[in-house]
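Engineer: Take this structure, written in structure tokens, and hold onto it; I'll ask about it next.
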Amino acid sequence: MIVIVLMLIPIIVMYNSSNKTSTDVVEQELLQMNLNRIQFFVDQMDVEADRLWRSAFVIAADPDTLQMQLKISSEPDYSKLASMRLLQQKIAMQSNSFEWVNDFTVYSPLSDIAVSTNLKQIYDAEYFKNAIQERWDYRVIVSDRGPEKAFVRDLITPFESLSTMGDPNLYVEVAFTSNNLVKMLERFMQGTVGQPFLYQPGFEPIIPRELDPELAKAMAKQFDIIRAQNRVKGSTKITFKDEPYLVNYVISDSIGWYIVDFQPMKKVLAPIDHSKRMFYASGLLLLLLGIASSALLYRNVQKPINDLIRAVKSLRRGAYDYRIKLGPSNEFHYLIEQFNLMSEDIQTLIDKVYVEQLHAKESSLKHLQAQINPHFLYNNFAYIQSMAQLERTKVIVAFTQHLSQYYRYTTRTEQQLTSLAEEMELIRNYLEIHRMQSERLHFHEYIEAGMMSILMPRLLLQPLVENAIVHGMEGKIGKFEIIISGSRTEDGWELTVEDNGVGMQKEDLELLRRSLSLQASSDRSLGMRNVHQRIKHYFGQSSELQVEHSYLGGLRVALVIKDGGDSDVGSSDRRRYPLSS
């Protein structure tokens, strides 16, 4: 998978770099091409507007127009009508010679006569009061088609011989509606993705019918910011409503309006974006094919190898019953099948050897246990003898009852485990035997009630109590106390035997601790060493016997049992000997 990704990364980087370069080149070419197209559009519009304006000069120089200025009121009415009719025909012919819809009007202030192709508008001195000759004026006029927005310009021609104080003698007005420009914009839009419109600050934009008026107004506001950089023409790229646009604009020398074209980059670069999506789709397909190939390789090669490695590690840990699940029929199928057969043979051999070893270990444990039992037997016989000589039969009866219960428990070697409750009953009988021999002996027990059901090897606690009496009570003057306590811990449980005996020196205590792990030791530590080894056998190497000074003055000996330890007697034997019932 890493190799596949490393192969795809440089390809994607190179493609993105190439795509960005191509996009930038396309943008620059589009800006220049659209600027040229807009310039051509403006030139056509200016040519048509200039032709209309030059026609005003032709009409002003017409003899009938000049004759209309010289008419006096004494001339007959039919002569006036004939002259006006002839002029009407001439300006109508002039108007029809243009592609744009237009109107021509001739008005003479001297004769107060107006001749026009627009029969709806009233032309008089008041109308021409605000006539403009220097530029095209954009305003509303009334025509046969109703009120319309139009560009209007007036040619004012005074006759020098008749002019008085600069008063005009003639007005020739040329007007063309904005619908002419709308049609041109619509033709300009055909085959492009642009959104062109004509704009002059202070006026509503002239837009094609297909363009949204609200969008045009919003774009016009954006254009007010753009044209501040160059008021004649320009090209730029902007972001409008979270979309990139190419903007081109040119001002018309004739009418003074801007032609502005917004081209959305998404539509312009749609073919490039489609090619980009196809590339990424192909890359994704290759990645998926690579993943599928890697998955097949993992399933048919790597996973069987991992299973074999895991199985070998399990065999090394002693889990000889571990088997590998057979997979597809290939080379690894044979290896796995042979490994399972080998594991089965090994398990069979080990089980045979293990049973023999288990019997040997149980015999060794029974031997260790048997070493504990006869320690204080001889003293008990001497005590019974002395009591018989004193004819204290009741004491003898009570003593022998405790002694019989004690030996009935200790001689049951066929049963290796017992509960803590039964072990404590043995301890009570044992201590009562000693208390009858020495009244200065006192003992107390503080064991959590829930611990009495814990299972443990027989005679595990008794040697600790015996050691406290034999070595702690000897040399102790006055009252001798033994405290037996038990409690649960975070990872197991603990039983302690404390006394207020003579204790041990620091050097002797350290020597005792070292002797616990030895195969042979002095008589003083024989019982404690046996207990320590039996704990290791049954509860694992993490469990141990701890010996330290007690706050009572003597020794504190603790059985520390850890849950989940690895017992020397094996997993099957541990199932036979659980920690609790």
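Chain lettering (A, B, ...) mirrors the order of the structure tokens, residue numbering begins at 1 for each chain separately, and ligand numbering begins at 1 in order of display.
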Once DSSP has gone over the backbone, tell me which residues of stretch 262-319 of chain A are in alpha helix (DSSP H), as a PyMOL selection string.

Structural biologist: chain A and resi 265-268+270-297+303-317

Engineer: Would you tabulate, counting only C-alpha atoms, all residues of stretch 211-318 of chain A that have an atom at most 12 Å from an atom of stretch 340-354 of chain A, showing the closest pair of atoms and their distance in Å to one decimal, sorted by chain then ascending number, as a Markdown table?

Structural biologist:
| residue | atom | partner | partner_atom | distance |
| --- | --- | --- | --- | --- |
| A:Asp307 | CA | A:Asn340 | CA | 11.6 |
| A:Leu308 | CA | A:Asn340 | CA | 10.0 |
| A:Ala311 | CA | A:Ser343 | CA | 9.3 |
| A:Val312 | CA | A:Ser343 | CA | 9.5 |
| A:Ser314 | CA | A:Ser343 | CA | 10.4 |
| A:Leu315 | CA | A:Ser343 | CA | 7.9 |
| A:Arg316 | CA | A:Ser343 | CA | 11.2 |
| A:Gly318 | CA | A:Gln347 | CA | 9.3 |

Engineer: Can those selected residues be exported to a file as an mmCIF file, in the first residue's frame so that it contains C-alpha atoms?

Structural biologist:
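selection35.cif written:
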data_model
loop_
_atom_site.group_PDB
_atom_site.id
_atom_site.type_symbol
_atom_site.label_atom_id
_atom_site.label_comp_id
_atom_site.auth_asym_id
_atom_site.auth_seq_id
_atom_site.Cartn_x
_atom_site.Cartn_y
_atom_site.Cartn_z
ATOM 1 C CA ASP A 307 -0.756 -17.519 11.472
ATOM 2 C CA LEU A 308 2.297 -19.772 11.296
ATOM 3 C CA ALA A 311 1.312 -20.761 16.117
ATOM 4 C CA VAL A 312 5.076 -21.208 16.628
ATOM 5 C CA SER A 314 2.091 -20.475 21.049
ATOM 6 C CA LEU A 315 4.053 -23.727 20.919
ATOM 7 C CA ARG A 316 6.978 -21.979 22.553
ATOM 8 C CA GLY A 318 3.521 -24.370 25.905
#

Engineer: Just list as a list in words whatever in stretch 109-187 of chain A DSSP marks as strand (DSSP E).

Structural biologist: Ile113, Ala114, Val115, Ser116, Asp137, Tyr138, Arg139, Val140, Ile141, Val142, Ser143, Gly146, Pro147, Glu148, Lys149, Ala150, Phe151, Val152, Arg153, Asp154, Leu155, Ile156, Tyr171, Val172, Glu173, Val174, Ala175, Phe176 and Thr177 of chain A

Engineer: Please write the residues from the selection above to a file, keeping N, CA and C atoms, as a compact mmCIF listing (two decimals), in the first residue's frame.

Structural biologist:
# COMPACT_ATOMS: atom_id res chain seq x y z
N ILE A 113 -42.46 74.85 -36.60
CA ILE A 113 -42.93 73.67 -37.35
C ILE A 113 -42.02 72.50 -37.00
N ALA A 114 -42.62 71.35 -36.76
CA ALA A 114 -41.88 70.13 -36.43
C ALA A 114 -42.29 69.03 -37.38
N VAL A 115 -41.30 68.34 -37.96
CA VAL A 115 -41.53 67.20 -38.83
C VAL A 115 -40.76 66.02 -38.24
N SER A 116 -41.44 64.90 -37.99
CA SER A 116 -40.80 63.78 -37.30
C SER A 116 -41.37 62.45 -37.76
N ASP A 137 -27.95 61.56 -25.02
CA ASP A 137 -28.67 61.63 -23.73
C ASP A 137 -29.61 60.42 -23.63
N TYR A 138 -29.57 59.76 -22.47
CA TYR A 138 -30.40 58.57 -22.24
C TYR A 138 -31.60 58.98 -21.41
N ARG A 139 -32.83 58.87 -22.05
CA ARG A 139 -34.04 59.28 -21.34
C ARG A 139 -35.23 58.54 -21.94
N VAL A 140 -36.41 58.79 -21.37
CA VAL A 140 -37.65 58.15 -21.80
C VAL A 140 -38.34 59.04 -22.83
N ILE A 141 -38.75 58.42 -23.97
CA ILE A 141 -39.50 59.13 -24.99
C ILE A 141 -40.81 58.39 -25.24
N VAL A 142 -41.74 59.07 -25.89
CA VAL A 142 -43.04 58.47 -26.24
C VAL A 142 -43.05 58.24 -27.74
N SER A 143 -43.36 57.00 -28.14
CA SER A 143 -43.40 56.64 -29.56
C SER A 143 -44.64 55.83 -29.83
N GLY A 146 -45.19 53.16 -27.44
CA GLY A 146 -45.40 53.54 -26.05
C GLY A 146 -44.14 54.19 -25.49
N PRO A 147 -44.11 54.40 -24.15
CA PRO A 147 -42.92 54.99 -23.52
C PRO A 147 -41.72 54.04 -23.65
N GLU A 148 -40.60 54.55 -24.10
CA GLU A 148 -39.40 53.75 -24.29
C GLU A 148 -38.19 54.54 -23.83
N LYS A 149 -37.20 53.77 -23.36
CA LYS A 149 -35.92 54.38 -23.03
C LYS A 149 -35.09 54.44 -24.31
N ALA A 150 -34.52 55.62 -24.56
CA ALA A 150 -33.83 55.82 -25.82
C ALA A 150 -32.64 56.75 -25.64
N PHE A 151 -31.71 56.65 -26.57
CA PHE A 151 -30.59 57.57 -26.63
C PHE A 151 -30.96 58.68 -27.61
N VAL A 152 -30.84 59.92 -27.19
CA VAL A 152 -31.29 61.09 -27.97
C VAL A 152 -30.13 62.08 -28.08
N ARG A 153 -30.01 62.66 -29.31
CA ARG A 153 -28.98 63.68 -29.51
C ARG A 153 -29.50 64.70 -30.51
N ASP A 154 -29.28 66.00 -30.27
CA ASP A 154 -29.84 67.09 -31.10
C ASP A 154 -28.71 67.85 -31.80
N LEU A 155 -28.96 68.05 -33.12
CA LEU A 155 -28.05 68.89 -33.92
C LEU A 155 -28.67 70.28 -34.01
N ILE A 156 -27.95 71.26 -33.55
CA ILE A 156 -28.46 72.64 -33.53
C ILE A 156 -27.69 73.42 -34.59
N TYR A 171 -33.45 72.54 -35.13
CA TYR A 171 -33.07 71.37 -34.33
C TYR A 171 -33.31 70.12 -35.17
N VAL A 172 -32.28 69.30 -35.27
CA VAL A 172 -32.44 67.98 -35.92
C VAL A 172 -32.13 66.94 -34.84
N GLU A 173 -33.14 66.23 -34.42
CA GLU A 173 -32.98 65.26 -33.32
C GLU A 173 -32.92 63.83 -33.87
N VAL A 174 -31.95 63.09 -33.36
CA VAL A 174 -31.80 61.67 -33.69
C VAL A 174 -32.03 60.86 -32.41
N ALA A 175 -32.86 59.84 -32.50
CA ALA A 175 -33.16 59.00 -31.33
C ALA A 175 -33.19 57.53 -31.75
N PHE A 176 -32.59 56.66 -30.92
CA PHE A 176 -32.74 55.21 -31.13
C PHE A 176 -32.96 54.56 -29.76
N THR A 177 -33.82 53.58 -29.73
CA THR A 177 -34.24 52.97 -28.47
C THR A 177 -33.16 52.01 -27.95

Engineer: Tell me, as a ChimeraX atom specification, which residues lie within 10 Å of A:Ala398, counting only C-alpha atoms; anything in the same chain fewer than 4 positions away does not count.

Structural biologist: /A:393-394,402-404,432-433,436

Engineer: Just write the chosen residues, C-alpha atoms, as a PDB file, in the first residue's frame.

Structural biologist:
ATOM      1  CA  THR A 393      -7.727 -37.299  83.783  1.00  0.00           C
ATOM      2  CA  LYS A 394      -9.965 -34.430  82.572  1.00  0.00           C
ATOM      3  CA  HIS A 402      -7.496 -31.855  70.553  1.00  0.00           C
ATOM      4  CA  LEU A 403      -4.553 -34.044  69.680  1.00  0.00           C
ATOM      5  CA  SER A 404      -6.708 -36.665  67.902  1.00  0.00           C
ATOM      6  CA  GLU A 432      -5.208 -25.123  72.349  1.00  0.00           C
ATOM      7  CA  ILE A 433      -2.781 -28.021  72.810  1.00  0.00           C
ATOM      8  CA  MET A 436      -2.910 -26.263  77.907  1.00  0.00           C
TER       9      MET A 436
END

Engineer: Can you list, as number ranges by chain, every protein, DNA or RNA residue that comes within 10 Å of A:Val268 when you count only C-alpha atoms, leaving out same-chain residues fewer than 2 positions away?

Structural biologist: A: 26-27, 30, 192-194, 245-246, 263-266, 270-273

Engineer: For the selection just defined, write its residues with N, CA, C and O atoms to a file, as a PDB file, in the first residue's frame.

Structural biologist:
ATOM      1  N   VAL A  26      -5.261  29.273 -20.102  1.00  0.00           N
ATOM      2  CA  VAL A  26      -6.612  29.396 -20.657  1.00  0.00           C
ATOM      3  C   VAL A  26      -7.270  30.678 -20.168  1.00  0.00           C
ATOM      4  O   VAL A  26      -7.936  31.389 -20.931  1.00  0.00           O
ATOM      5  N   GLU A  27      -7.068  30.989 -18.907  1.00  0.00           N
ATOM      6  CA  GLU A  27      -7.662  32.221 -18.361  1.00  0.00           C
ATOM      7  C   GLU A  27      -7.127  33.453 -19.076  1.00  0.00           C
ATOM      8  O   GLU A  27      -7.898  34.356 -19.446  1.00  0.00           O
ATOM      9  N   LEU A  30      -8.500  33.573 -22.580  1.00  0.00           N
ATOM     10  CA  LEU A  30      -9.917  33.939 -22.572  1.00  0.00           C
ATOM     11  C   LEU A  30     -10.101  35.418 -22.295  1.00  0.00           C
ATOM     12  O   LEU A  30     -10.950  36.075 -22.924  1.00  0.00           O
ATOM     13  N   THR A 192     -21.761  31.708 -26.182  1.00  0.00           N
ATOM     14  CA  THR A 192     -20.814  31.989 -25.103  1.00  0.00           C
ATOM     15  C   THR A 192     -21.489  31.749 -23.760  1.00  0.00           C
ATOM     16  O   THR A 192     -22.712  31.580 -23.674  1.00  0.00           O
ATOM     17  N   VAL A 193     -20.677  31.729 -22.703  1.00  0.00           N
ATOM     18  CA  VAL A 193     -21.209  31.564 -21.335  1.00  0.00           C
ATOM     19  C   VAL A 193     -21.195  32.890 -20.591  1.00  0.00           C
ATOM     20  O   VAL A 193     -21.487  32.933 -19.396  1.00  0.00           O
ATOM     21  N   GLY A 194     -20.845  33.966 -21.324  1.00  0.00           N
ATOM     22  CA  GLY A 194     -20.758  35.258 -20.679  1.00  0.00           C
ATOM     23  C   GLY A 194     -22.115  35.855 -20.348  1.00  0.00           C
ATOM     24  O   GLY A 194     -23.163  35.424 -20.828  1.00  0.00           O
ATOM     25  N   TYR A 245     -14.978  34.661 -11.492  1.00  0.00           N
ATOM     26  CA  TYR A 245     -15.470  35.222 -12.757  1.00  0.00           C
ATOM     27  C   TYR A 245     -14.313  35.885 -13.495  1.00  0.00           C
ATOM     28  O   TYR A 245     -13.408  36.472 -12.875  1.00  0.00           O
ATOM     29  N   LEU A 246     -14.362  35.803 -14.851  1.00  0.00           N
ATOM     30  CA  LEU A 246     -13.500  36.589 -15.710  1.00  0.00           C
ATOM     31  C   LEU A 246     -14.296  37.812 -16.168  1.00  0.00           C
ATOM     32  O   LEU A 246     -15.379  37.671 -16.723  1.00  0.00           O
ATOM     33  N   GLN A 263     -17.928  36.381 -17.106  1.00  0.00           N
ATOM     34  CA  GLN A 263     -17.922  34.986 -17.538  1.00  0.00           C
ATOM     35  C   GLN A 263     -17.615  34.069 -16.344  1.00  0.00           C
ATOM     36  O   GLN A 263     -16.524  34.165 -15.757  1.00  0.00           O
ATOM     37  N   PRO A 264     -18.551  33.207 -15.937  1.00  0.00           N
ATOM     38  CA  PRO A 264     -18.291  32.295 -14.809  1.00  0.00           C
ATOM     39  C   PRO A 264     -17.223  31.273 -15.170  1.00  0.00           C
ATOM     40  O   PRO A 264     -17.325  30.588 -16.191  1.00  0.00           O
ATOM     41  N   MET A 265     -16.210  31.170 -14.300  1.00  0.00           N
ATOM     42  CA  MET A 265     -15.095  30.265 -14.562  1.00  0.00           C
ATOM     43  C   MET A 265     -15.538  28.807 -14.571  1.00  0.00           C
ATOM     44  O   MET A 265     -14.959  27.982 -15.280  1.00  0.00           O
ATOM     45  N   LYS A 266     -16.557  28.481 -13.783  1.00  0.00           N
ATOM     46  CA  LYS A 266     -17.002  27.087 -13.736  1.00  0.00           C
ATOM     47  C   LYS A 266     -17.466  26.612 -15.105  1.00  0.00           C
ATOM     48  O   LYS A 266     -17.181  25.487 -15.523  1.00  0.00           O
ATOM     49  N   ALA A 270     -15.296  24.198 -17.642  1.00  0.00           N
ATOM     50  CA  ALA A 270     -16.011  22.917 -17.457  1.00  0.00           C
ATOM     51  C   ALA A 270     -15.305  21.756 -18.149  1.00  0.00           C
ATOM     52  O   ALA A 270     -15.170  20.676 -17.557  1.00  0.00           O
ATOM     53  N   PRO A 271     -14.821  21.884 -19.399  1.00  0.00           N
ATOM     54  CA  PRO A 271     -14.110  20.751 -20.023  1.00  0.00           C
ATOM     55  C   PRO A 271     -12.842  20.361 -19.267  1.00  0.00           C
ATOM     56  O   PRO A 271     -12.537  19.184 -19.119  1.00  0.00           O
ATOM     57  N   ILE A 272     -12.101  21.379 -18.787  1.00  0.00           N
ATOM     58  CA  ILE A 272     -10.886  21.083 -18.020  1.00  0.00           C
ATOM     59  C   ILE A 272     -11.241  20.400 -16.712  1.00  0.00           C
ATOM     60  O   ILE A 272     -10.577  19.439 -16.289  1.00  0.00           O
ATOM     61  N   ASP A 273     -12.295  20.902 -16.045  1.00  0.00           N
ATOM     62  CA  ASP A 273     -12.726  20.275 -14.793  1.00  0.00           C
ATOM     63  C   ASP A 273     -13.195  18.846 -15.028  1.00  0.00           C
ATOM     64  O   ASP A 273     -12.949  17.953 -14.196  1.00  0.00           O
TER      65      ASP A 273
END

Engineer: May I ask for the distance between atom CA of A:Asn169 and atom CA of A:Gln121, given in Å to one decimal place?

Structural biologist: 20.4 Å

Engineer: So which residues touch A:Thr400 within 12 Å, counting only C-alpha atoms, skipping near sequence neighbours fewer than 6 positions away, as a list in words?

Structural biologist: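 Final neighbour list, sorted by chain and number: Leu377, Asn380, Phe381, Tyr383, Ile384, Gln385, Met387, Ala388, Thr393, Lys394, Tyr406, Tyr407, Arg408, Asn429, Tyr430, Glu432, Ile433 and Met436 of chain A.
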